[in-house]
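S.K.: Sharing model.cif (mmCIF, C-alpha atoms, pLDDT in the B column; chains and numbers go by the auth columns) below.
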data_query
#
loop_
_atom_site.group_PDB
_atom_site.id
_atom_site.type_symbol
_atom_site.label_atom_id
_atom_site.label_comp_id
_atom_site.label_asym_id
_atom_site.label_seq_id
_atom_site.Cartn_x
_atom_site.Cartn_y
_atom_site.Cartn_z
_atom_site.B_iso_or_equiv
_atom_site.auth_seq_id
_atom_site.auth_asym_id
ATOM 1 C CA MET A 1 0.000 0.000 0.000 83.00 1 N
ATOM 2 C CA ALA A 2 1.244 3.484 -0.812 89.00 2 N
ATOM 3 C CA LYS A 3 -0.498 6.786 -0.247 94.00 3 N
ATOM 4 C CA TYR A 4 0.436 10.353 -0.915 95.00 4 N
ATOM 5 C CA THR A 5 -0.704 13.749 0.276 95.00 5 N
ATOM 6 C CA LYS A 6 -0.024 16.939 -1.685 96.00 6 N
ATOM 7 C CA ILE A 7 -0.371 20.305 0.021 96.00 7 N
ATOM 8 C CA GLY A 8 0.705 23.142 -2.235 95.00 8 N
ATOM 9 C CA ARG A 9 4.123 22.131 -3.586 91.00 9 N
ATOM 10 C CA GLN A 10 4.818 19.589 -0.810 90.00 10 N
ATOM 11 C CA VAL A 11 4.247 15.877 -1.504 92.00 11 N
ATOM 12 C CA THR A 12 4.524 13.236 1.218 92.00 12 N
ATOM 13 C CA ILE A 13 4.595 9.538 0.293 91.00 13 N
ATOM 14 C CA LEU A 14 3.786 6.870 2.905 90.00 14 N
ATOM 15 C CA THR A 15 4.231 3.162 2.173 88.00 15 N
ATOM 16 C CA ASP A 16 3.554 -0.080 3.968 86.00 16 N
ATOM 17 C CA SER A 17 4.268 -2.980 1.620 82.00 17 N
ATOM 18 C CA VAL A 18 5.009 -6.696 1.726 79.00 18 N
ATOM 19 C CA LEU A 19 8.078 -7.914 -0.168 76.00 19 N
ATOM 20 C CA THR A 20 8.541 -11.377 -1.621 73.00 20 N
ATOM 21 C CA GLY A 21 11.210 -13.053 -3.705 67.00 21 N
ATOM 22 C CA THR A 22 14.950 -13.477 -3.419 67.00 22 N
ATOM 23 C CA GLY A 23 16.141 -10.090 -4.636 67.00 23 N
ATOM 24 C CA ASN A 24 19.151 -9.503 -6.818 75.00 24 N
ATOM 25 C CA THR A 25 22.293 -7.358 -6.915 80.00 25 N
ATOM 26 C CA SER A 26 20.698 -4.413 -8.748 81.00 26 N
ATOM 27 C CA ASP A 27 19.724 -1.342 -6.737 83.00 27 N
ATOM 28 C CA LEU A 28 16.210 -1.573 -5.361 81.00 28 N
ATOM 29 C CA ILE A 29 14.209 1.175 -7.088 86.00 29 N
ATOM 30 C CA ILE A 30 10.537 2.026 -6.726 87.00 30 N
ATOM 31 C CA GLY A 31 9.060 4.090 -9.547 89.00 31 N
ATOM 32 C CA GLY A 32 5.795 5.748 -10.286 89.00 32 N
ATOM 33 C CA LEU A 33 5.837 8.666 -7.878 91.00 33 N
ATOM 34 C CA PRO A 34 2.837 10.879 -8.605 92.00 34 N
ATOM 35 C CA PHE A 35 4.893 14.063 -9.114 93.00 35 N
ATOM 36 C CA THR A 36 8.448 14.940 -10.184 93.00 36 N
ATOM 37 C CA ASN A 37 10.834 16.202 -7.514 91.00 37 N
ATOM 38 C CA SER A 38 11.664 19.820 -8.352 88.00 38 N
ATOM 39 C CA TYR A 39 14.437 20.159 -5.778 72.00 39 N
ATOM 40 C CA LEU A 40 17.943 20.571 -7.216 73.00 40 N
ATOM 41 C CA GLY A 41 19.407 17.972 -4.853 73.00 41 N
ATOM 42 C CA TYR A 42 18.084 14.815 -3.268 76.00 42 N
ATOM 43 C CA ALA A 43 14.954 14.666 -1.170 83.00 43 N
ATOM 44 C CA SER A 44 15.164 12.141 1.628 79.00 44 N
ATOM 45 C CA GLY A 45 12.997 10.553 4.272 83.00 45 N
ATOM 46 C CA ALA A 46 13.073 7.710 6.754 78.00 46 N
ATOM 47 C CA GLY A 47 12.282 4.019 6.520 78.00 47 N
ATOM 48 C CA TYR A 48 12.888 0.498 7.638 68.00 48 N
ATOM 49 C CA THR A 49 12.308 -3.082 6.580 63.00 49 N
ATOM 50 C CA GLN A 50 11.112 -5.696 8.958 61.00 50 N
ATOM 51 C CA PHE A 51 11.766 -9.387 8.496 56.00 51 N
ATOM 52 C CA TRP A 52 12.508 -12.291 10.736 47.00 52 N
ATOM 53 C CA PRO A 53 14.960 -12.303 12.502 47.00 53 N
ATOM 54 C CA GLY A 54 16.079 -8.694 11.996 56.00 54 N
ATOM 55 C CA SER A 55 15.594 -5.365 10.297 63.00 55 N
ATOM 56 C CA ASN A 56 17.314 -2.854 8.002 66.00 56 N
ATOM 57 C CA HIS A 57 17.148 0.885 8.458 74.00 57 N
ATOM 58 C CA PHE A 58 17.650 3.011 5.382 81.00 58 N
ATOM 59 C CA THR A 59 17.127 6.468 3.928 85.00 59 N
ATOM 60 C CA PRO A 60 14.752 6.619 0.957 86.00 60 N
ATOM 61 C CA THR A 61 15.860 9.246 -1.578 88.00 61 N
ATOM 62 C CA VAL A 62 14.418 10.893 -4.673 90.00 62 N
ATOM 63 C CA GLY A 63 16.925 12.468 -7.058 88.00 63 N
ATOM 64 C CA ALA A 64 16.675 15.934 -8.541 86.00 64 N
ATOM 65 C CA SER A 65 13.953 16.062 -11.221 89.00 65 N
ATOM 66 C CA GLY A 66 13.231 12.428 -10.392 90.00 66 N
ATOM 67 C CA THR A 67 10.232 10.161 -9.883 92.00 67 N
ATOM 68 C CA LEU A 68 12.152 7.152 -8.548 91.00 68 N
ATOM 69 C CA VAL A 69 12.882 6.177 -4.939 90.00 69 N
ATOM 70 C CA ARG A 70 16.228 4.552 -4.113 88.00 70 N
ATOM 71 C CA PHE A 71 17.374 3.380 -0.682 85.00 71 N
ATOM 72 C CA MET A 72 20.646 4.656 0.811 84.00 72 N
ATOM 73 C CA THR A 73 22.724 2.931 3.484 80.00 73 N
ATOM 74 C CA GLY A 74 24.346 4.781 6.366 77.00 74 N
ATOM 75 C CA ALA A 75 27.629 4.619 4.424 79.00 75 N
ATOM 76 C CA GLY A 76 26.174 6.561 1.474 80.00 76 N
ATOM 77 C CA ALA A 77 25.807 3.598 -0.917 83.00 77 N
ATOM 78 C CA TYR A 78 22.525 2.283 -2.285 85.00 78 N
ATOM 79 C CA TYR A 79 21.026 -0.964 -1.055 81.00 79 N
ATOM 80 C CA ASP A 80 20.620 -3.654 -3.667 79.00 80 N
ATOM 81 C CA ALA A 81 17.474 -5.750 -3.875 77.00 81 N
ATOM 82 C CA ASN A 82 19.082 -8.586 -1.872 75.00 82 N
ATOM 83 C CA ALA A 83 18.766 -6.439 1.255 72.00 83 N
ATOM 84 C CA PHE A 84 15.003 -6.316 0.739 72.00 84 N
ATOM 85 C CA SER A 85 14.236 -9.837 -0.423 69.00 85 N
ATOM 86 C CA ALA A 86 11.348 -10.624 1.927 71.00 86 N
ATOM 87 C CA GLY A 87 9.400 -9.018 4.727 74.00 87 N
ATOM 88 C CA TYR A 88 7.808 -5.615 5.059 78.00 88 N
ATOM 89 C CA ILE A 89 9.099 -2.292 3.770 80.00 89 N
ATOM 90 C CA ASN A 90 7.869 0.931 5.331 84.00 90 N
ATOM 91 C CA PHE A 91 9.003 4.433 4.460 87.00 91 N
ATOM 92 C CA THR A 92 7.949 8.045 4.361 88.00 92 N
ATOM 93 C CA ILE A 93 9.498 10.668 2.118 90.00 93 N
ATOM 94 C CA THR A 94 8.597 14.312 1.558 89.00 94 N
ATOM 95 C CA TYR A 95 9.634 16.284 -1.494 90.00 95 N
ATOM 96 C CA PHE A 96 8.586 19.417 -3.396 89.00 96 N
ATOM 97 C CA VAL A 97 7.186 19.848 -6.890 89.00 97 N
#
With the file now loaded, output its structure as structure tokens.
M.R.:
Amino acid sequence: MAKYTKIGRQVTILTDSVLTGTGNTSDLIIGGLPFTNSYLGYASGAGYTQFWPGSNHFTPTVGASGTLVRFMTGAGAYYDANAFSAGYINFTITYFV
């Protein structure tokens, strides 16, 4: 499930989704945001995955003029799909159009 709220130029995306599969080594990318990010840099939010027996915390990001969400590690790299192979993914991100 994903929902968004737009107030003026501000868009906030909220997700609560179930993941299945084994993942792969490509970056995990979610597309289809309802509006293009107008900010010149990255917009970022907060999120986590939950699976048994652990969890991953990450920073969801939307690039400048972008409509794709990618997931950054604490070290500044992007998570690949293997990190999100099964469980629940939850994140919120706010950006401006």
S.K.: I'd like to see the residues matched by the PyMOL selection byres ((chain N and resi 64) around 10) on this file, and ideally I'd get them as a list in words.
M.R.: Thr36, Asn37, Ser38, Tyr39, Leu40, Gly41, Tyr42, Ala43, Thr61, Val62, Gly63, Ser65, Gly66, Thr67, Leu68 and Tyr95 of chain N
S.K.: With a distance cut-off of 7 Å and only C-alpha atoms, select the neighbouring residues of Thr59 of chain N, excluding the residue or stretch itself and same-chain residues fewer than 5 positions from it, and output the selection as a PyMOL selection string.
M.R.: chain N and resi 44-47+71-73
S.K.: Go through N:Ala77, N:Leu19, N:Arg9, N:Val69 and flag the residue nearest Gly31 of chain N, using all atoms listed in the file for the distances.
M.R.: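 For Gly31 of chain N, the nearest of the given residues is N:Val69.
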S.K.: Just checking: using only C-alpha atoms, which residue out of N:Ala86, N:Ile30, N:Ile7, N:Ile93 ends up closest to Pro60 of chain N?
M.R.: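 Looking only at the distances to Pro60 of chain N, the closest residue turns out to be N:Ile93.
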S.K.: Just to confirm, what's the straight-line distance from atom CA of Phe35 of chain N to atom CA of Ile13 of chain N in Å (one decimal)?
M.R.: 10.4 Å
S.K.: What does the distance between atom CA of Lys6 of chain N and atom CA of Gly32 of chain N come to in Å, to one decimal place?
M.R.: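 Separation of atom CA of Lys6 of chain N and atom CA of Gly32 of chain N: 15.3 Å.
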S.K.: Env of Tyr79 of chain N: 9 Å cut, atoms = only C-alpha atoms, seq-sep filter 2 positions within chain, self excluded. Answer as a JSON list (two decimals) with C-alpha atoms, in the coordinates of the input.
M.R.:
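Result file follows (around.json):
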[["chain", "number", "residue", "atom", "x", "y", "z"],
["N", 25, "THR", "CA", 22.29, -7.36, -6.92],
["N", 26, "SER", "CA", 20.70, -4.41, -8.75],
["N", 27, "ASP", "CA", 19.72, -1.34, -6.74],
["N", 28, "LEU", "CA", 16.21, -1.57, -5.36],
["N", 58, "PHE", "CA", 17.65, 3.01, 5.38],
["N", 70, "ARG", "CA", 16.23, 4.55, -4.11],
["N", 71, "PHE", "CA", 17.37, 3.38, -0.68],
["N", 72, "MET", "CA", 20.65, 4.66, 0.81],
["N", 73, "THR", "CA", 22.72, 2.93, 3.48],
["N", 77, "ALA", "CA", 25.81, 3.60, -0.92],
["N", 81, "ALA", "CA", 17.47, -5.75, -3.88],
["N", 82, "ASN", "CA", 19.08, -8.59, -1.87],
["N", 83, "ALA", "CA", 18.77, -6.44, 1.25],
["N", 84, "PHE", "CA", 15.00, -6.32, 0.74]]
S.K.: Atom CA of Pro34 of chain N and atom CA of Tyr88 of chain N, how far apart in Å?
M.R.: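 Between atom CA of Tyr88 of chain N and atom CA of Pro34 of chain N the gap is 22.0 Å.
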S.K.: Translate the PyMOL selection byres ((chain N and resi 16) around 12), as applied to the file shown, into an explicit residue set as a PyMOL selection string.
M.R.: chain N and resi 1-4+13-15+17-19+47-50+87-92
S.K.: Rebuild segment 61-72 of chain N to all heavy atoms - output it as an mmCIF file, in the frame of the given file, please.
M.R.:
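And here's result-v4.cif as it stands now:
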data_model
loop_
_atom_site.group_PDB
_atom_site.id
_atom_site.type_symbol
_atom_site.label_atom_id
_atom_site.label_comp_id
_atom_site.auth_asym_id
_atom_site.auth_seq_id
_atom_site.Cartn_x
_atom_site.Cartn_y
_atom_site.Cartn_z
ATOM 1 N N THR N 61 15.486 7.999 -0.914
ATOM 2 C CA THR N 61 15.860 9.246 -1.578
ATOM 3 C C THR N 61 15.169 9.357 -2.933
ATOM 4 O O THR N 61 14.893 8.352 -3.584
ATOM 5 C CB THR N 61 17.381 9.342 -1.793
ATOM 6 O OG1 THR N 61 17.792 8.290 -2.668
ATOM 7 C CG2 THR N 61 18.153 9.251 -0.498
ATOM 8 N N VAL N 62 14.918 10.588 -3.330
ATOM 9 C CA VAL N 62 14.418 10.893 -4.673
ATOM 10 C C VAL N 62 15.387 11.894 -5.268
ATOM 11 O O VAL N 62 15.647 12.945 -4.674
ATOM 12 C CB VAL N 62 12.997 11.501 -4.648
ATOM 13 C CG1 VAL N 62 12.532 11.837 -6.063
ATOM 14 C CG2 VAL N 62 12.013 10.563 -3.980
ATOM 15 N N GLY N 63 15.953 11.586 -6.423
ATOM 16 C CA GLY N 63 16.925 12.468 -7.058
ATOM 17 C C GLY N 63 16.287 13.715 -7.637
ATOM 18 O O GLY N 63 15.071 13.806 -7.818
ATOM 19 N N ALA N 64 17.131 14.698 -7.927
ATOM 20 C CA ALA N 64 16.675 15.934 -8.541
ATOM 21 C C ALA N 64 15.935 15.630 -9.837
ATOM 22 O O ALA N 64 16.373 14.797 -10.625
ATOM 23 C CB ALA N 64 17.862 16.847 -8.813
ATOM 24 N N SER N 65 14.801 16.259 -10.037
ATOM 25 C CA SER N 65 13.953 16.062 -11.221
ATOM 26 C C SER N 65 13.573 14.598 -11.401
ATOM 27 O O SER N 65 13.352 14.144 -12.512
ATOM 28 C CB SER N 65 14.651 16.578 -12.486
ATOM 29 O OG SER N 65 14.941 17.949 -12.345
ATOM 30 N N GLY N 66 13.485 13.861 -10.309
ATOM 31 C CA GLY N 66 13.231 12.428 -10.392
ATOM 32 C C GLY N 66 11.841 12.025 -9.947
ATOM 33 O O GLY N 66 11.118 12.778 -9.296
ATOM 34 N N THR N 67 11.482 10.793 -10.321
ATOM 35 C CA THR N 67 10.232 10.161 -9.883
ATOM 36 C C THR N 67 10.499 8.750 -9.384
ATOM 37 O O THR N 67 9.598 7.929 -9.340
ATOM 38 C CB THR N 67 9.202 10.108 -11.033
ATOM 39 O OG1 THR N 67 9.768 9.384 -12.124
ATOM 40 C CG2 THR N 67 8.771 11.492 -11.471
ATOM 41 N N LEU N 68 11.758 8.471 -9.027
ATOM 42 C CA LEU N 68 12.152 7.152 -8.548
ATOM 43 C C LEU N 68 12.673 7.249 -7.126
ATOM 44 O O LEU N 68 13.373 8.195 -6.778
ATOM 45 C CB LEU N 68 13.262 6.560 -9.422
ATOM 46 C CG LEU N 68 12.982 6.422 -10.907
ATOM 47 C CD1 LEU N 68 14.236 5.971 -11.638
ATOM 48 C CD2 LEU N 68 11.839 5.465 -11.144
ATOM 49 N N VAL N 69 12.362 6.250 -6.298
ATOM 50 C CA VAL N 69 12.882 6.177 -4.939
ATOM 51 C C VAL N 69 13.973 5.115 -4.909
ATOM 52 O O VAL N 69 13.776 4.002 -5.382
ATOM 53 C CB VAL N 69 11.771 5.809 -3.924
ATOM 54 C CG1 VAL N 69 12.344 5.721 -2.515
ATOM 55 C CG2 VAL N 69 10.626 6.806 -3.974
ATOM 56 N N ARG N 70 15.138 5.496 -4.359
ATOM 57 C CA ARG N 70 16.228 4.552 -4.113
ATOM 58 C C ARG N 70 16.515 4.570 -2.623
ATOM 59 O O ARG N 70 16.142 5.513 -1.923
ATOM 60 C CB ARG N 70 17.468 4.949 -4.908
ATOM 61 C CG ARG N 70 17.229 4.817 -6.406
ATOM 62 C CD ARG N 70 18.379 5.368 -7.199
ATOM 63 N NE ARG N 70 19.522 4.468 -7.089
ATOM 64 C CZ ARG N 70 20.730 4.769 -7.568
ATOM 65 N NH1 ARG N 70 20.962 5.922 -8.149
ATOM 66 N NH2 ARG N 70 21.721 3.917 -7.445
ATOM 67 N N PHE N 71 17.225 3.572 -2.118
ATOM 68 C CA PHE N 71 17.374 3.380 -0.682
ATOM 69 C C PHE N 71 18.843 3.395 -0.288
ATOM 70 O O PHE N 71 19.600 2.509 -0.651
ATOM 71 C CB PHE N 71 16.687 2.081 -0.270
ATOM 72 C CG PHE N 71 15.240 2.095 -0.669
ATOM 73 C CD1 PHE N 71 14.830 1.537 -1.866
ATOM 74 C CD2 PHE N 71 14.307 2.712 0.133
ATOM 75 C CE1 PHE N 71 13.496 1.573 -2.247
ATOM 76 C CE2 PHE N 71 12.964 2.756 -0.246
ATOM 77 C CZ PHE N 71 12.570 2.189 -1.429
ATOM 78 N N MET N 72 19.253 4.424 0.464
ATOM 79 C CA MET N 72 20.646 4.656 0.811
ATOM 80 C C MET N 72 20.996 4.047 2.171
ATOM 81 O O MET N 72 20.216 4.122 3.113
ATOM 82 C CB MET N 72 20.921 6.152 0.832
ATOM 83 C CG MET N 72 22.373 6.511 0.946
ATOM 84 S SD MET N 72 22.647 8.286 0.698
ATOM 85 C CE MET N 72 22.489 8.367 -1.084
#
